[in-house]
file my_file00.cif (mmCIF, C-alpha atoms)
data_data
#
loop_
_atom_site.label_atom_id
_atom_site.label_comp_id
_atom_site.auth_asym_id
_atom_site.auth_seq_id
_atom_site.Cartn_x
_atom_site.Cartn_y
_atom_site.Cartn_z
CA MET E 1 32.27 7.38 36.75
CA ARG E 2 29.12 9.44 36.63
CA TRP E 3 27.16 9.71 33.42
CA VAL E 4 24.24 12.02 32.85
CA THR E 5 21.52 11.99 30.25
CA ARG E 6 18.10 13.47 29.65
CA ALA E 7 15.16 12.15 31.65
CA GLY E 8 12.48 10.19 29.79
CA VAL E 9 14.89 7.70 28.24
CA HIS E 10 14.04 6.07 24.98
CA ILE E 11 15.91 3.70 22.68
CA ASP E 12 19.03 5.80 22.00
CA ARG E 13 19.71 6.63 25.66
CA ALA E 14 18.86 3.10 26.85
CA ALA E 15 21.21 1.62 24.25
CA CYS E 16 23.96 4.14 25.11
CA ALA E 17 23.71 3.32 28.82
CA TRP E 18 24.00 -0.40 28.04
CA LEU E 19 26.97 0.27 25.74
CA ILE E 20 28.73 2.42 28.35
CA ARG E 21 28.27 -0.07 31.18
CA ARG E 22 29.24 -3.11 29.14
CA PHE E 23 32.08 -1.77 26.98
CA ILE E 24 33.38 1.47 28.48
CA ASP E 25 32.78 1.77 32.22
CA PRO E 26 31.54 -1.27 34.19
CA ASP E 27 30.98 0.91 37.27
CA ALA E 28 28.96 3.53 35.42
CA GLU E 29 26.34 5.36 37.43
CA PHE E 30 23.56 7.09 35.57
CA THR E 31 21.63 10.21 36.49
CA PHE E 32 18.82 11.84 34.60
CA VAL E 33 18.19 15.54 34.17
CA THR E 34 15.48 17.52 32.48
CA ASP E 35 17.54 20.65 31.93
CA PRO E 36 20.79 20.34 29.88
CA ALA E 37 22.21 23.13 32.04
CA ALA E 38 21.79 20.95 35.15
CA VAL E 39 24.57 18.52 34.15
CA PRO E 40 27.11 18.44 37.02
CA PRO E 41 30.61 19.43 35.86
CA ALA E 42 32.19 16.15 37.01
CA ALA E 43 29.79 13.99 35.00
CA THR E 44 29.96 12.93 31.37
CA ALA E 45 26.81 13.88 29.49
CA PHE E 46 25.38 11.91 26.59
CA ASP E 47 22.38 12.33 24.29
CA ILE E 48 21.82 15.87 25.50
CA ARG E 49 21.85 18.90 23.25
CA GLY E 50 25.27 20.53 23.43
CA ALA E 51 27.11 17.45 24.75
CA ASP E 52 29.85 15.90 22.65
CA LEU E 53 28.40 12.38 23.04
CA SER E 54 25.23 13.30 21.19
CA HIS E 55 23.75 13.43 17.74
CA HIS E 56 26.26 14.66 15.16
CA GLY E 57 25.38 15.13 11.53
CA ALA E 58 23.38 12.04 10.61
CA ASP E 59 24.61 10.00 13.59
CA CYS E 60 22.58 9.23 16.68
CA SER E 61 24.30 9.28 20.08
CA PHE E 62 24.97 5.52 20.07
CA GLU E 63 26.93 5.90 16.83
CA THR E 64 28.78 8.93 18.20
CA ILE E 65 29.89 6.96 21.28
CA LEU E 66 31.11 4.09 19.08
CA ARG E 67 33.19 6.58 17.10
CA ARG E 68 34.53 8.53 20.08
CA TYR E 69 35.60 5.39 21.95
CA GLU E 70 36.81 3.74 18.74
CA LEU E 71 34.67 0.67 19.22
CA ALA E 72 35.01 -1.10 15.88
CA ASP E 73 33.19 -4.34 16.82
CA PRO E 74 30.97 -5.07 13.77
CA VAL E 75 28.31 -6.52 16.08
CA LEU E 76 28.02 -3.15 17.85
CA TRP E 77 27.73 -1.42 14.50
CA LYS E 78 24.91 -3.77 13.54
CA ILE E 79 23.14 -2.81 16.78
CA ALA E 80 23.89 0.83 15.94
CA GLN E 81 21.87 0.45 12.73
CA ILE E 82 18.86 -0.82 14.69
CA VAL E 83 19.18 1.95 17.30
CA HIS E 84 19.62 4.57 14.58
CA GLU E 85 16.48 3.50 12.71
CA ALA E 86 14.44 3.15 15.91
CA ASP E 87 15.53 6.62 16.99
CA LEU E 88 15.56 8.53 13.71
CA ASP E 89 13.63 6.36 11.24
CA ASP E 90 15.39 8.00 8.30
CA GLN E 91 15.87 4.85 6.20
CA ARG E 92 19.62 5.21 6.30
CA TYR E 93 19.84 1.49 7.14
CA ASP E 94 17.76 -1.57 6.48
CA ALA E 95 16.87 -2.52 10.06
CA PRO E 96 13.40 -4.08 10.26
CA GLU E 97 14.02 -4.89 13.95
CA ALA E 98 13.95 -1.17 14.71
CA ALA E 99 10.16 -0.82 14.70
CA GLY E 100 9.79 -3.51 17.38
CA PHE E 101 12.52 -2.10 19.59
CA ASP E 102 11.03 1.36 19.25
CA VAL E 103 7.63 0.18 20.49
CA ALA E 104 9.12 -1.95 23.29
CA LEU E 105 11.19 0.93 24.66
CA ARG E 106 8.44 3.49 24.17
CA GLY E 107 6.08 1.26 26.13
CA LEU E 108 8.60 0.71 28.93
CA SER E 109 9.13 4.45 29.25
CA MET E 110 5.38 4.81 29.81
CA THR E 111 5.23 2.35 32.70
CA CYS E 112 8.68 2.55 34.33
CA ALA E 113 11.00 5.14 35.79
CA ASP E 114 14.22 5.85 33.89
CA ALA E 115 16.50 3.77 36.14
CA ARG E 116 14.11 0.82 35.80
CA VAL E 117 13.99 1.20 32.01
CA LEU E 118 17.80 0.86 31.94
CA GLU E 119 17.60 -2.21 34.20
CA LEU E 120 15.10 -3.90 31.91
CA ALA E 121 16.73 -2.82 28.66
CA GLY E 122 20.14 -4.20 29.72
CA PRO E 123 19.33 -7.91 29.28
CA LEU E 124 17.40 -7.07 26.10
CA PHE E 125 20.51 -5.51 24.54
CA ASP E 126 22.67 -8.34 25.90
CA GLY E 127 20.41 -10.71 24.01
CA LEU E 128 20.45 -8.56 20.90
CA TYR E 129 24.24 -8.48 21.03
CA GLU E 130 24.41 -12.28 21.25
CA TYR E 131 21.91 -12.66 18.44
CA CYS E 132 23.79 -10.25 16.17
CA ARG E 133 27.10 -11.87 17.12
CA ARG E 134 25.89 -15.30 16.06
CA ALA E 135 24.34 -13.85 12.89
CA THR E 136 27.65 -12.19 12.04
CA LEU E 137 29.58 -15.44 12.60
CA LEU E 138 27.12 -17.60 10.68
CA GLY E 139 26.47 -15.11 7.90
CA ARG E 140 22.74 -15.85 8.24
CA GLU E 141 19.99 -15.66 10.85
CA PRO E 142 20.86 -17.85 13.83
CA GLY E 143 18.35 -20.54 14.83
CA MET I 1 0.77 8.31 20.30
CA GLU I 2 -2.15 9.42 22.47
CA GLN I 3 -0.14 12.41 23.52
CA ARG I 4 0.62 13.31 19.91
CA ARG I 5 -3.02 13.69 19.02
CA LYS I 6 -3.75 16.09 21.83
CA PRO I 7 -3.42 19.35 19.92
CA ARG I 8 -6.30 18.25 17.72
CA SER I 9 -8.54 19.97 20.28
CA THR I 10 -11.61 20.91 18.32
CA GLY I 11 -12.63 23.14 21.21
CA ASP I 12 -11.38 26.67 21.42
CA GLU I 13 -8.41 25.90 23.65
CA PRO I 14 -5.40 25.74 21.30
CA GLY I 15 -2.73 23.15 22.09
CA LEU I 16 0.98 23.59 22.55
CA TRP I 17 3.22 23.60 19.49
CA VAL I 18 6.97 23.33 19.17
CA LEU I 19 8.53 25.73 16.67
CA LEU I 20 11.91 25.61 15.02
CA CYS I 21 13.18 28.95 13.80
CA TYR I 22 16.27 28.40 11.67
CA ARG I 23 18.60 29.76 9.08
CA VAL I 24 21.06 27.59 7.13
CA PRO I 25 23.81 28.94 4.84
CA ARG I 26 22.98 28.43 1.16
CA GLU I 27 26.37 26.75 0.58
CA PRO I 28 27.41 24.03 1.04
CA SER I 29 24.11 22.63 -0.09
CA ALA I 30 24.44 19.04 1.24
CA PRO I 31 23.69 19.80 4.93
CA ARG I 32 20.98 22.29 3.91
CA ILE I 33 19.26 19.60 1.84
CA ALA I 34 19.69 17.02 4.61
CA ILE I 35 17.93 19.37 7.04
CA TRP I 36 15.16 20.10 4.55
CA ARG I 37 14.65 16.33 4.04
CA LYS I 38 14.55 15.74 7.78
CA LEU I 39 11.87 18.39 8.27
CA ARG I 40 9.84 16.94 5.44
CA ARG I 41 10.14 13.47 6.97
CA LEU I 42 8.88 14.87 10.28
CA GLY I 43 5.86 16.37 8.52
CA THR I 44 6.40 19.88 9.88
CA ALA I 45 4.05 22.71 8.98
CA GLN I 46 5.84 25.60 7.29
CA LEU I 47 4.70 28.79 9.03
CA ALA I 48 7.06 31.12 7.20
CA ASP I 49 10.49 31.10 5.63
CA GLY I 50 12.75 29.38 8.18
CA LEU I 51 9.93 28.72 10.63
CA VAL I 52 8.33 25.29 11.00
CA ALA I 53 5.98 23.82 13.60
CA LEU I 54 4.77 20.52 15.02
CA PRO I 55 2.24 19.75 17.75
CA ALA I 56 4.38 19.57 20.89
CA ASP I 57 5.12 16.32 22.69
CA ALA I 58 8.28 14.71 24.01
CA ARG I 59 9.13 13.11 20.68
CA THR I 60 8.44 16.05 18.34
CA ARG I 61 10.27 18.40 20.65
CA GLU I 62 13.29 16.10 20.73
CA GLN I 63 13.30 15.65 16.95
CA LEU I 64 13.22 19.41 16.37
CA GLU I 65 15.93 19.92 19.00
CA TRP I 66 18.22 17.51 17.15
CA THR I 67 17.41 19.29 13.92
CA ALA I 68 18.35 22.60 15.57
CA GLU I 69 21.63 21.00 16.57
CA GLU I 70 22.20 19.90 12.98
CA VAL I 71 21.50 23.45 11.77
CA SER I 72 24.13 24.80 14.20
CA GLU I 73 26.64 22.21 13.03
CA ALA I 74 25.97 23.29 9.45
CA GLY I 75 27.03 26.82 10.40
CA GLY I 76 23.49 28.15 10.69
CA SER I 77 21.48 29.45 13.61
CA ALA I 78 18.44 27.85 15.18
CA GLY I 79 16.08 28.31 18.09
CA ILE I 80 13.34 26.17 19.58
CA TRP I 81 10.14 27.79 20.80
CA LEU I 82 7.05 26.51 22.52
CA ALA I 83 3.94 28.39 21.49
CA ARG I 84 0.15 28.30 21.34
CA PRO I 85 -1.84 29.60 18.40
CA ALA I 86 -3.76 32.61 19.70
CA THR I 87 -7.09 31.27 18.45
CA GLY I 88 -8.65 27.87 17.96
CA ALA I 89 -9.43 28.84 14.37
CA GLN I 90 -5.77 29.47 13.59
CA GLU I 91 -4.87 26.07 15.01
CA ARG I 92 -7.60 24.36 13.03
CA ASP I 93 -6.31 25.97 9.81
CA LEU I 94 -2.83 24.76 10.58
CA ALA I 95 -4.07 21.25 11.40
CA ALA I 96 -6.23 21.20 8.27
CA ALA I 97 -3.24 22.13 6.09
CA MET I 98 -1.15 19.38 7.67
CA ALA I 99 -3.99 16.86 7.30
CA ALA I 100 -4.37 17.84 3.63
CA ALA I 101 -0.67 17.26 2.99
CA ARG I 102 -0.92 13.78 4.54
CA ALA I 103 -4.18 13.08 2.69
CA ALA I 104 -2.39 13.64 -0.62
CA GLU I 105 0.33 11.18 0.42
CA TYR I 106 -2.23 8.57 1.49
CA ALA I 107 -4.14 9.04 -1.76
CA ALA I 108 -0.96 8.39 -3.75
CA VAL I 109 -0.36 5.17 -1.80
CA ALA I 110 -3.96 4.07 -2.33
CA GLY I 111 -3.60 4.72 -6.06
CA ARG I 112 -0.48 2.60 -6.26
CA ALA I 113 -2.12 -0.16 -4.24
CA ARG I 114 -5.06 -0.26 -6.63
CA ALA I 115 -2.65 -0.32 -9.58
CA ALA I 116 -0.87 -3.34 -8.06
CA GLN I 117 -4.17 -5.17 -7.57
CA GLY I 118 -3.98 -6.74 -11.02
CA ALA I 119 -0.35 -7.79 -10.72
CA ASP I 120 0.73 -11.42 -10.38
CA GLY I 121 1.53 -13.06 -7.01
CA PRO I 122 5.18 -12.07 -6.47
CA ALA I 123 4.66 -8.51 -7.73
CA ARG I 124 1.65 -8.10 -5.47
CA ALA I 125 3.58 -9.38 -2.47
CA ALA I 126 6.40 -6.96 -3.24
CA ALA I 127 3.97 -4.05 -3.63
CA LEU I 128 2.24 -4.99 -0.38
CA ARG I 129 5.50 -4.98 1.54
CA ARG I 130 6.65 -1.69 0.01
CA LEU I 131 3.34 0.12 0.46
CA ARG I 132 2.94 -1.06 4.06
CA GLY I 133 6.34 0.46 4.81
CA GLU I 134 5.32 3.67 3.14
CA LEU I 135 2.06 3.82 5.09
CA ARG I 136 3.95 3.32 8.32
CA ARG I 137 6.30 6.19 7.47
CA ILE I 138 3.43 8.51 6.54
CA SER I 139 1.55 7.60 9.75
CA ARG I 140 4.55 8.63 11.83
CA ARG I 141 4.27 12.18 10.54
CA ASP I 142 0.48 12.19 10.59
CA TYR I 143 -0.68 14.24 13.56
CA PHE I 144 -4.26 14.82 12.41
CA PRO I 145 -5.31 11.64 10.57
CA PRO I 146 -7.55 12.40 7.57
CA PRO I 147 -10.13 9.85 6.30
CA GLU I 148 -7.74 9.03 3.44
CA ARG I 149 -5.62 7.11 5.92
CA GLU I 150 -8.19 4.34 6.38
CA GLN I 151 -8.87 4.28 2.66
CA ALA I 152 -5.17 3.85 1.89
CA ARG I 153 -4.83 1.16 4.55
CA ALA I 154 -7.80 -0.73 3.14
CA ALA I 155 -6.44 -0.46 -0.41
CA VAL I 156 -3.02 -1.76 0.70
CA GLU I 157 -4.42 -4.58 2.83
CA ALA I 158 -6.62 -5.64 -0.08
CA LEU I 159 -3.38 -6.82 -1.68
CA VAL I 160 -3.13 -9.50 1.03
CA SER I 161 -5.88 -11.76 -0.25
CA PRO I 162 -4.19 -14.01 -2.77
CA GLY I 163 -4.69 -12.90 -6.34
CA PRO I 164 -6.72 -15.15 -8.62
CA ALA I 165 -3.65 -15.95 -10.73
CA ALA I 166 -1.14 -17.67 -8.45
CA PRO I 167 -1.77 -17.77 -4.69
CA ASP I 168 1.03 -20.32 -4.17
CA GLN I 169 3.59 -18.07 -5.81
CA ALA I 170 2.72 -15.22 -3.47
CA GLY I 171 3.33 -17.47 -0.45
CA ALA I 172 6.55 -18.80 -1.93
CA ALA I 173 7.78 -15.29 -2.70
CA ALA I 174 7.18 -14.19 0.88
CA ALA I 175 8.98 -17.26 2.24
CA THR I 176 11.97 -16.80 -0.05
CA ASP I 177 12.20 -13.18 0.92
CA GLY I 178 12.23 -13.99 4.64
CA GLY I 179 15.08 -16.46 4.15
CA ASN I 180 17.17 -13.95 2.26
CA ARG I 181 17.46 -11.47 5.05
CA PRO I 182 20.99 -11.14 6.38
#

call {"tool": "encode", "arguments": {"input": "my_file00.cif", "output": "structure tokens"}}
result
Amino acid sequence: MRWVTRAGVHIDRAACAWLIRRFIDPDAEFTFVTDPAAVPPAATAFDIRGADLSHHGADCSFETILRRYELADPVLWKIAQIVHEADLDDQRYDAPEAAGFDVALRGLSMTCADARVLELAGPLFDGLYEYCRRATLLGREPG
Amino acid sequence: MEQRRKPRSTGDEPGLWVLLCYRVPREPSAPRIAIWRKLRRLGTAQLADGLVALPADARTREQLEWTAEEVSEAGGSAGIWLARPATGAQERDLAAAMAAARAAEYAAVAGRARAAQGADGPARAAALRRLRGELRRISRRDYFPPPEREQARAAVEALVSPGPAAPDQAGAAAATDGGNRP
């Protein structure tokens, strides 16, 4: 399936792309556009103004995708809190990890093209998922 | 960050600004208040009723675009504009007003930091953590840093050096706190 998002990816789009490839569509192909009107009709758009898989109310796009695809995994919702705070910084959640992720992704977007940012962010989110999974199981920070 | 500071051109070439022109229904009030809070958090300059501005960069433009989306979802109407103040003087006035708003916030933080200076170890550690967070949030909406920023930072960081009363307690409090995180 083809997925389209805005060029100049940052934390929300990088996290969404990881989520889509790992939990929704393993064969996902991503394209980046600068103009929301340039989204091809056959593609599914996310984190673009006007798309359904976007910000809604207080939710960032990552949270919207979790809701739309009914992904109830508590580990994903923990990651959603970090993505939300890194993206919106509105103190809705207590996610001290957000500041670090924000800087890491912002820096990557300065030195790498969008496709490369997704490549590099993938293993980072895989690791975050594993970390949050162990933390959820243990009920404390994993060693 | 570098990009964000660009409109501070002190020359006569005004920078690019992103403007949100919006109208939200008076009722229900919850989404209207949420939008107002979001704009305040972003540190927008109020140009007129329903018209706010930020120096344009990828991040500010995106934040205002999402806010526009939220306005539409709340049953209102919103538009995003890119504009340049016609004169350097007009831009400097705008920047000065924004800097003054931030300066007042920094001064409040500095005042609270100085008030916490006499507190005991654990209270100082708690104040330090809280005020650092607040400084970070203010800095994110600070596009034209006023001198008060450094003063506030210095006042907050002065809380780091262990107080004369109980330096061990401060360390213990910080350690306990770290272990309590989920």

call {"tool": "interface_residues", "arguments": {"input": "my_file00.cif", "of": "chain I", "to": "chain E", "cutoff": "12 Å", "atoms": "all atoms listed in the file", "output": "VMD selection string"}}
result
chain I and resid 1 to 3 30 to 32 34 to 35 37 to 42 57 to 75 80 129 133 to 134 136 to 138 140 to 141 178 to 182

call {"tool": "closest_residue", "arguments": {"input": "my_file00.cif", "among": "I:Val160, I:Ala53, I:Leu19, I:Leu47", "to": "Trp81 (chain I)", "atoms": "all atoms listed in the file"}}
result
I:Leu19

call {"tool": "atom_distance", "arguments": {"input": "my_file00.cif", "atom1": "CA of Ala15 (chain E)", "atom2": "CA of Ala115 (chain E)"}}
result
13.0 Å

call {"tool": "axis_aligned_box", "arguments": {"input": "my_file00.cif", "around": "region 125-140 of chain E", "padding_each_side": "3 Å", "output": "JSON"}}
result
{"center_x": 25.0, "center_y": -11.6, "center_z": 16.9, "size_x": 15.2, "size_y": 18.1, "size_z": 24.0}

call {"tool": "atom_distance", "arguments": {"input": "my_file00.cif", "atom1": "CA of His84 (chain E)", "atom2": "CA of Ala78 (chain I)"}}
result
23.3 Å

call {"tool": "resolve_selection", "arguments": {"input": "my_file00.cif", "expression": "the PyMOL selection byres ((chain E and resi 3) around 7)", "output": "JSON, numbers by chain"}}
result
{"E": [1, 2, 4, 5, 28, 29, 30, 31, 43, 44, 45]}

call {"tool": "resolve_selection", "arguments": {"input": "my_file00.cif", "expression": "the PyMOL selection byres ((chain I and resi 23) around 9)", "output": "ChimeraX atom specification"}}
result
/I:21-22,24-25,49-51,71,76-78

call {"tool": "atom_distance", "arguments": {"input": "my_file00.cif", "atom1": "CA of Ala51 (chain E)", "atom2": "CA of Phe23 (chain E)"}}
result
20.0 Å

call {"tool": "closest_residue", "arguments": {"input": "my_file00.cif", "among": "E:Ala17, E:Cys132, E:Ala72, E:Met110", "to": "Glu97 (chain E)", "atoms": "only C-alpha atoms"}}
result
E:Cys132

call {"tool": "resolve_selection", "arguments": {"input": "my_file00.cif", "expression": "the PyMOL selection byres ((chain E and resi 22) around 12)", "output": "list in words"}}
result
Ala15, Cys16, Ala17, Trp18, Leu19, Ile20, Arg21, Phe23, Ile24, Asp25, Pro26, Asp27, Ala28, Leu71, Leu76, Gly122, Pro123, Phe125, Asp126 and Tyr129 of chain E

call {"tool": "residues_around", "arguments": {"input": "my_file00.cif", "residues": "Ala107 (chain I)", "least_positions_apart": "2", "cutoff": "9 Å", "atoms": "only C-alpha atoms", "output": "mmCIF file with C-alpha atoms, in the frame of the given file"}}
result
data_model
loop_
_atom_site.group_PDB
_atom_site.id
_atom_site.type_symbol
_atom_site.label_atom_id
_atom_site.label_comp_id
_atom_site.auth_asym_id
_atom_site.auth_seq_id
_atom_site.Cartn_x
_atom_site.Cartn_y
_atom_site.Cartn_z
ATOM 1 C CA ARG I 102 -0.920 13.780 4.540
ATOM 2 C CA ALA I 103 -4.180 13.080 2.690
ATOM 3 C CA ALA I 104 -2.390 13.640 -0.620
ATOM 4 C CA GLU I 105 0.330 11.180 0.420
ATOM 5 C CA VAL I 109 -0.360 5.170 -1.800
ATOM 6 C CA ALA I 110 -3.960 4.070 -2.330
ATOM 7 C CA GLY I 111 -3.600 4.720 -6.060
ATOM 8 C CA ARG I 112 -0.480 2.600 -6.260
ATOM 9 C CA GLU I 148 -7.740 9.030 3.440
ATOM 10 C CA ARG I 149 -5.620 7.110 5.920
ATOM 11 C CA GLN I 151 -8.870 4.280 2.660
ATOM 12 C CA ALA I 152 -5.170 3.850 1.890
#
